[in-house]
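*Asks:* One structure, pasted below without further comment.
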There are 2 protein chains.
Amino acid sequence: MNKKNELSMVEETPVEGDTETRRSADSSERAYNTIRKLLVEFKLKPEERINEVHLAKTLGVSRTPIREALNRLASEGFVSLTPNRGFFVRSLSTEGLIDLYELRSIIECAAFRLLCERAEDDQIDRLRAYWSSIVDGYREQPADMILAEDEGFHLMIAELSGNPELVNQLAAINARIRFIRRIQIEHRTHDMSQVDAHSAIVAAAIRRDSEGGVELLRQHIELTVSATQQALKDALLRVYSPGEPNERRHRRRAS
Amino acid sequence: MNKKNELSMVEETPVEGDTETRRSADSSERAYNTIRKLLVEFKLKPEERINEVHLAKTLGVSRTPIREALNRLASEGFVSLTPNRGFFVRSLSTEGLIDLYELRSIIECAAFRLLCERAEDDQIDRLRAYWSSIVDGYREQPADMILAEDEGFHLMIAELSGNPELVNQLAAINARIRFIRRIQIEHRTHDMSQVDAHSAIVAAAIRRDSEGGVELLRQHIELTVSATQQALKDALLRVYSPGEPNERRHRRRAS
DNA sequence: CGTCAAGAAAGTGTCGACACTATTGCGTTC
DNA sequence: GAACGCAATAGTGTCGACACTTTCTTGACG
């Protein structure tokens with residue numbers, strides 16, 4: 001069997017240098033983070049069946065924490081579970097992504113409205129301060145940094161809505177679209193417009209211009225979507241790169 | 001042997017009558033459903049620590065499926081996980097509930113707008129047909145039935161938005177507030193208004209009156225919230241009722 | 001009497017093993 | 001040589017066991 005697979009490039013050290021049977025801190029949590037990263041980076045490919053034993057060996061743990069992680073990832077929509085057949089990587093169509101962005105837009109716009117209604121002045125000022133603290137040199141950051149700061153900005157809006165459920169939802173959505181956002185950011189197609197948009201949104205928040213801010217947000221996100229669609233095509237192309245056979249597709253008997 | 005504690009009133013038969021070592025169909029799934037029901041019905045009380053071994057014995061399975069179920073329930077917000085200390089039943093404050101309803105309102109209103117924009121005429125007609133098929137005798141149904149039909153109605157709106165993510169979100173939210181909705185429905189405080197509201201919403205959908213329908217929905221849900229707050233108080237009262245001793249859960253040998 | 005420490009008990013986190021199910025591969029039949 | 005079993009293989013679902021951590025108990029000390 002070939003398959004000294006491409007997964008081994010994971011930076012997680014399989015086993016710590018400790019001869020005794022000392023268990024590592026929290027296998028389940030580490031497994032969760034690692035697998036999620038694999039999914040996010042397309043190391044595990046859409047539609048692919050996930051082999052638990054294989055993964056367990058790669059991460060140097062037993063199947064138990066792997067399964068716990070996969071269960072969590074399943075309820076978060078990263079993978080799906082078919083009884084007696086195992087976990088499969090969620091398929092990622094363009095549609096699916098658009099749906100997610102639409103959901104994100106809904107959540108964020110609603111959050112902004114609530115922010116305008118409810119947030120204290122000093123909270124809004126914290127938003128302003130946060131953004132102005134990172135706006136300088138925003139473009140020059142590495143992609144991961146930009147991504148984190150952008151997510152932070154939008155999450156802060158959700159927080160200022162005063163509804164923690166909105167924060168949770170947005171965080172979950174972010175996690176699911178992060179991989180493609182990173183790709184998109186690396187393209188750097190519309191950097192400045194993003195910076196401007198954030199500033200404009202802050203301004204709208206300060207004057208508590210609910211409808212104006214919502215419109216800005218909507219456009220901001222919509223702009224991202226169209227840029228993202230192109231990025232997605234590139235990504236998919238890269239994933240299913242012609243070099244790889246990648247064809248042991250699972251067919252259950254077609255009736 | 002069996003301690004016959006209060007959990008055993010769960011209808012789940014611990015072990016199937018099969019002499020051979022045949023495993024039951026899907027322990028994990030059954031555990032998930034059972035535990036969720038326990039949570040929904042306050043058999044497991046807010047803030048309470050969940051004892052895995054105990055639960056495992058009660059359901060007649062090992063801890064593995066229990067833990068898988070709990071992990072799922074954790075990502076769905078039913079329970080929380082503290083490392084090395086285990087799972088705890090999510091505390092349920094009135095605020096938390098209001099936040100959830102607010103989220104629900106956001107999702108549903110957005111779904112209705114999308115429905116007005118995108119749904120085909122025959123889809124909307126299916127909504128109308130579904131509602132008119134159950135509107136007769138709606139009041140006379142048992143609470144569980146009403147609940148299911150009401151959820152079905154609202155889910156259908158989400159489906160007609162064309163965005164499956166909205167359906168997922170709404171379904172998840174429904175699961176989390178179901179327990180209190182049932183209690184509220186048993187109170188039967190505003191039956192007719194609910195029936196009327198649904199009919200009015202259908203009418204708005206038919207004439208694709210986006211804003212009108214949204215307003216109806218918002219009011220409909222808001223009405224539910226206020227009715228629910230009272231129901232919640234009753235429920236909490238019942239849970240922590242002084243009448244029931246109910247305190248030998250994990251009180252091992254009182255000295 | 002309160003408080004603190006050490007030991008006991010209870011409980012979680014992970015493991016390796018094994019039963020059961022799905023899939024693959026091979027030989028047989030038409 | 002395609003379709004159909006049927007055995008071999010691979011992989012998931014669940015279990016009981018045990019190491020490690022937290023919580024409770026007990027008893028010495030102030």
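Residues are referred to by chain and number: the chain letter is A, B, ... according to the order shown in the structure tokens, the number counts from 1 in that chain, and ligands are numbered separately from 1 in the order shown.
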Determine which residues of chain D sit within 9 Å of chain A, taking into account only C-alpha atoms (C1' of nucleotides), and present them as a PyMOL selection string.

*Replies:* chain D and resi 11-13+19-20

*Asks:* Using only C-alpha atoms, determine which residues of chain B fall within 7 Å of chain A; present them as a PyMOL selection string.

*Replies:* chain B and resi 68+71-72+75+99-100+103+106+110+163+165-166

*Asks:* Those selected residues, please, written with all heavy atoms and delivered as a short mmCIF file (atom, residue, chain, number, x, y, z; two decimals), in the first residue's frame.

*Replies:*
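Dumped to selection_8.cif:
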```cif
data_model
loop_
_atom_site.label_atom_id
_atom_site.label_comp_id
_atom_site.auth_asym_id
_atom_site.auth_seq_id
_atom_site.Cartn_x
_atom_site.Cartn_y
_atom_site.Cartn_z
N GLU B 68 -20.55 9.94 23.01
CA GLU B 68 -20.78 10.46 21.65
C GLU B 68 -22.02 11.32 21.62
O GLU B 68 -22.04 12.41 21.04
CB GLU B 68 -20.91 9.30 20.66
CG GLU B 68 -19.65 8.47 20.55
CD GLU B 68 -19.48 7.84 19.18
OE1 GLU B 68 -20.46 7.75 18.44
OE2 GLU B 68 -18.34 7.44 18.87
N ASN B 71 -21.35 14.61 23.33
CA ASN B 71 -20.57 15.52 22.48
C ASN B 71 -21.45 16.22 21.46
O ASN B 71 -21.32 17.43 21.23
CB ASN B 71 -19.46 14.75 21.77
CG ASN B 71 -18.20 14.71 22.59
OD1 ASN B 71 -17.58 15.73 22.85
ND2 ASN B 71 -17.83 13.52 23.04
N ARG B 72 -22.32 15.45 20.86
CA ARG B 72 -23.26 16.07 19.91
C ARG B 72 -24.09 17.13 20.61
O ARG B 72 -24.24 18.26 20.13
CB ARG B 72 -24.17 15.01 19.29
CG ARG B 72 -23.56 14.25 18.15
CD ARG B 72 -24.50 13.19 17.64
NE ARG B 72 -25.71 13.71 17.01
CZ ARG B 72 -26.71 12.97 16.61
NH1 ARG B 72 -26.66 11.65 16.76
NH2 ARG B 72 -27.78 13.51 16.05
N SER B 75 -22.26 20.37 21.16
CA SER B 75 -22.13 21.36 20.07
C SER B 75 -23.48 21.96 19.72
O SER B 75 -23.54 22.99 19.06
CB SER B 75 -21.45 20.80 18.82
OG SER B 75 -21.21 19.45 18.91
N ASP B 99 -32.85 35.23 24.02
CA ASP B 99 -31.85 35.31 22.96
C ASP B 99 -32.15 34.31 21.86
O ASP B 99 -32.04 34.62 20.67
CB ASP B 99 -30.46 35.04 23.55
CG ASP B 99 -29.98 36.21 24.39
OD1 ASP B 99 -30.49 37.32 24.18
OD2 ASP B 99 -29.10 36.00 25.24
N LEU B 100 -32.52 33.12 22.27
CA LEU B 100 -32.81 32.10 21.27
C LEU B 100 -34.01 32.49 20.41
O LEU B 100 -34.00 32.32 19.19
CB LEU B 100 -33.10 30.76 21.95
CG LEU B 100 -31.93 29.79 22.00
CD1 LEU B 100 -32.38 28.48 22.62
CD2 LEU B 100 -31.40 29.54 20.61
N LEU B 103 -33.02 35.04 17.96
CA LEU B 103 -32.34 34.42 16.82
C LEU B 103 -33.35 33.76 15.89
O LEU B 103 -33.28 33.89 14.67
CB LEU B 103 -31.33 33.38 17.33
CG LEU B 103 -30.60 32.57 16.27
CD1 LEU B 103 -29.82 33.47 15.32
CD2 LEU B 103 -29.66 31.55 16.92
N ILE B 106 -35.08 36.28 13.80
CA ILE B 106 -34.20 36.77 12.73
C ILE B 106 -34.18 35.81 11.56
O ILE B 106 -34.36 36.20 10.41
CB ILE B 106 -32.77 36.97 13.29
CG1 ILE B 106 -32.75 38.17 14.24
CG2 ILE B 106 -31.77 37.15 12.16
CD1 ILE B 106 -31.46 38.27 15.04
N ALA B 110 -36.00 36.51 7.85
CA ALA B 110 -35.16 36.50 6.66
C ALA B 110 -35.64 35.44 5.68
O ALA B 110 -35.71 35.66 4.47
CB ALA B 110 -33.71 36.25 7.04
N ASN B 163 -32.80 28.19 0.97
CA ASN B 163 -31.48 28.10 1.60
C ASN B 163 -31.49 27.03 2.69
O ASN B 163 -32.03 27.24 3.77
CB ASN B 163 -31.09 29.45 2.19
CG ASN B 163 -29.67 29.45 2.73
OD1 ASN B 163 -29.13 28.41 3.06
ND2 ASN B 163 -29.08 30.64 2.79
N GLU B 165 -29.32 26.07 4.67
CA GLU B 165 -28.68 26.44 5.93
C GLU B 165 -29.71 27.03 6.90
O GLU B 165 -29.64 26.82 8.11
CB GLU B 165 -27.56 27.45 5.70
CG GLU B 165 -26.36 26.90 4.96
CD GLU B 165 -25.65 25.81 5.74
OE1 GLU B 165 -25.78 25.77 6.97
OE2 GLU B 165 -24.97 24.99 5.10
N LEU B 166 -30.63 27.79 6.36
CA LEU B 166 -31.67 28.36 7.22
C LEU B 166 -32.51 27.26 7.84
O LEU B 166 -32.88 27.34 9.02
CB LEU B 166 -32.56 29.31 6.41
CG LEU B 166 -31.88 30.57 5.87
CD1 LEU B 166 -32.90 31.46 5.17
CD2 LEU B 166 -31.20 31.32 6.99
#
```

*Asks:* Could you list, as a list in words, the residues of chain C having an atom within 8 Å of chain A when counting only C-alpha atoms (C1' of nucleotides)?

*Replies:*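 So the contacting residues turn out to be DT14, DC15, DT21 and DA22 of chain C.
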
*Asks:* Pairing every C-alpha atom in order, fit chain B onto chain A and give me the RMSD in Å.

*Replies:*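 Chain A versus chain B: RMSD of 3.3 Å.
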
*Asks:* Could you jot down the CA of Ile221 in chain A to CA of Arg104 in chain A separation for me, Å, one decimal place?

*Replies:*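 According to the coordinates, CA of Ile221 in chain A and CA of Arg104 in chain A are separated by 8.4 Å.
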
*Asks:* Would you list the contacts of DA8 in chain D as a list in words, taking every protein, DNA or RNA residue within 10 Å and counting only C-alpha atoms (C1' of nucleotides), but skipping same-chain residues closer than 6 positions in sequence?

*Replies:* DT24, DG25 and DC26 of chain C

*Asks:* Could the residues in this selection be saved with C-alpha atoms (C1' of nucleotides) as an mmCIF file, in the first residue's frame?

*Replies:*
```
data_model
loop_
_atom_site.group_PDB
_atom_site.id
_atom_site.type_symbol
_atom_site.label_atom_id
_atom_site.label_comp_id
_atom_site.auth_asym_id
_atom_site.auth_seq_id
_atom_site.Cartn_x
_atom_site.Cartn_y
_atom_site.Cartn_z
ATOM 1 C "C1'" DT C 24 -13.806 -6.051 -2.237
ATOM 2 C "C1'" DG C 25 -12.120 -9.976 -4.789
ATOM 3 C "C1'" DC C 26 -12.677 -14.464 -6.677
#
```

*Asks:* Apply DSSP to the backbone of this structure and, from range 22-100 of chain B, keep only the residues in alpha helix (DSSP H); write these as a ChimeraX atom specification.

*Replies:* /B:27-40,52-59,63-75,94-100

*Asks:* Write to file, as an mmCIF file, in the first residue's frame, the residues of the selection just made, with C-alpha atoms.

*Replies:*
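File result-v8.cif, as written:
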```cif
data_model
loop_
_atom_site.group_PDB
_atom_site.id
_atom_site.type_symbol
_atom_site.label_atom_id
_atom_site.label_comp_id
_atom_site.auth_asym_id
_atom_site.auth_seq_id
_atom_site.Cartn_x
_atom_site.Cartn_y
_atom_site.Cartn_z
ATOM 1 C CA SER B 27 -26.843 2.749 20.657
ATOM 2 C CA SER B 28 -25.355 6.112 19.984
ATOM 3 C CA GLU B 29 -28.393 7.404 18.204
ATOM 4 C CA ARG B 30 -30.737 6.017 20.816
ATOM 5 C CA ALA B 31 -28.622 7.478 23.578
ATOM 6 C CA TYR B 32 -28.721 10.825 21.844
ATOM 7 C CA ASN B 33 -32.482 10.819 21.557
ATOM 8 C CA THR B 34 -33.000 9.569 25.065
ATOM 9 C CA ILE B 35 -30.657 12.017 26.707
ATOM 10 C CA ARG B 36 -32.073 14.860 24.710
ATOM 11 C CA LYS B 37 -35.494 13.908 25.894
ATOM 12 C CA LEU B 38 -34.263 13.814 29.478
ATOM 13 C CA LEU B 39 -32.903 17.313 29.033
ATOM 14 C CA VAL B 40 -36.014 18.553 27.331
ATOM 15 C CA GLU B 52 -21.760 9.146 32.555
ATOM 16 C CA VAL B 53 -21.514 5.793 34.309
ATOM 17 C CA HIS B 54 -24.868 6.302 35.871
ATOM 18 C CA LEU B 55 -26.476 7.240 32.583
ATOM 19 C CA ALA B 56 -24.773 4.343 30.855
ATOM 20 C CA LYS B 57 -26.177 1.888 33.354
ATOM 21 C CA THR B 58 -29.618 3.379 33.114
ATOM 22 C CA LEU B 59 -29.664 3.083 29.339
ATOM 23 C CA ARG B 63 -20.079 4.929 28.224
ATOM 24 C CA THR B 64 -18.885 5.243 24.650
ATOM 25 C CA PRO B 65 -22.241 5.906 22.984
ATOM 26 C CA ILE B 66 -23.179 8.081 25.935
ATOM 27 C CA ARG B 67 -20.151 10.239 25.379
ATOM 28 C CA GLU B 68 -20.778 10.455 21.654
ATOM 29 C CA ALA B 69 -24.291 11.607 22.318
ATOM 30 C CA LEU B 70 -23.125 14.133 24.885
ATOM 31 C CA ASN B 71 -20.571 15.520 22.483
ATOM 32 C CA ARG B 72 -23.257 16.071 19.908
ATOM 33 C CA LEU B 73 -25.495 17.667 22.490
ATOM 34 C CA ALA B 74 -22.605 19.874 23.532
ATOM 35 C CA SER B 75 -22.132 21.364 20.074
ATOM 36 C CA THR B 94 -34.930 33.540 30.861
ATOM 37 C CA GLU B 95 -32.406 35.661 29.044
ATOM 38 C CA GLY B 96 -30.931 32.714 27.269
ATOM 39 C CA LEU B 97 -34.350 31.781 26.072
ATOM 40 C CA ILE B 98 -35.116 35.252 24.865
ATOM 41 C CA ASP B 99 -31.854 35.308 22.957
ATOM 42 C CA LEU B 100 -32.811 32.096 21.273
#
```

*Asks:* Near range 113-118 of chain B, within 6 Å and counting only C-alpha atoms (C1' of nucleotides), which residues show up once chain neighbours fewer than 4 positions away are dropped, as a PyMOL selection string?

*Replies:* chain B and resi 160-161+208+210

*Asks:* Kindly export the residues of the current selection with N, CA and C atoms, as a PDB file, in the first residue's frame.

*Replies:*
```pdb
ATOM      1  N   LEU B 160     -38.809  26.959   1.920  1.00  0.00           N
ATOM      2  CA  LEU B 160     -39.178  27.715   0.720  1.00  0.00           C
ATOM      3  C   LEU B 160     -38.265  28.921   0.501  1.00  0.00           C
ATOM      4  N   SER B 161     -37.433  29.216   1.477  1.00  0.00           N
ATOM      5  CA  SER B 161     -36.439  30.263   1.245  1.00  0.00           C
ATOM      6  C   SER B 161     -35.394  29.787   0.246  1.00  0.00           C
ATOM      7  N   ARG B 208     -47.223  37.497  -1.782  1.00  0.00           N
ATOM      8  CA  ARG B 208     -45.798  37.845  -1.724  1.00  0.00           C
ATOM      9  C   ARG B 208     -45.573  39.197  -1.085  1.00  0.00           C
ATOM     10  N   SER B 210     -43.869  40.720   1.317  1.00  0.00           N
ATOM     11  CA  SER B 210     -42.694  40.461   2.135  1.00  0.00           C
ATOM     12  C   SER B 210     -42.767  41.180   3.483  1.00  0.00           C
TER      13      SER B 210
END
```

*Asks:* As a PyMOL selection string, please: the residues near Gln141 in chain B (cut-off 12 Å, only C-alpha atoms (C1' of nucleotides), same-chain neighbours under 4 positions excluded).

*Replies:* chain B and resi 134-137+145-150+185-186+188+191

*Asks:* Restricting the calculation to only C-alpha atoms (C1' of nucleotides), which member of C:DT23, C:DT29, C:DA10, C:DA17 is positioned closest to DT9 in chain D?

*Replies:*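 Among the listed residues, C:DT23 lies closest to DT9 in chain D.
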
*Asks:* Which residues are close to range 25-29 of chain D, i.e. within 12 Å by only C-alpha atoms (C1' of nucleotides), leaving aside same-chain residues fewer than 4 positions away? Reply as a PyMOL selection string.

*Replies:* (chain B and resi 254-255) or (chain C and resi 2-9)

*Asks:* Which value, in Å to one decimal, gives the distance between CA of Leu217 in chain B and CA of Ile201 in chain B?

*Replies:*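 The value is 7.0 Å.
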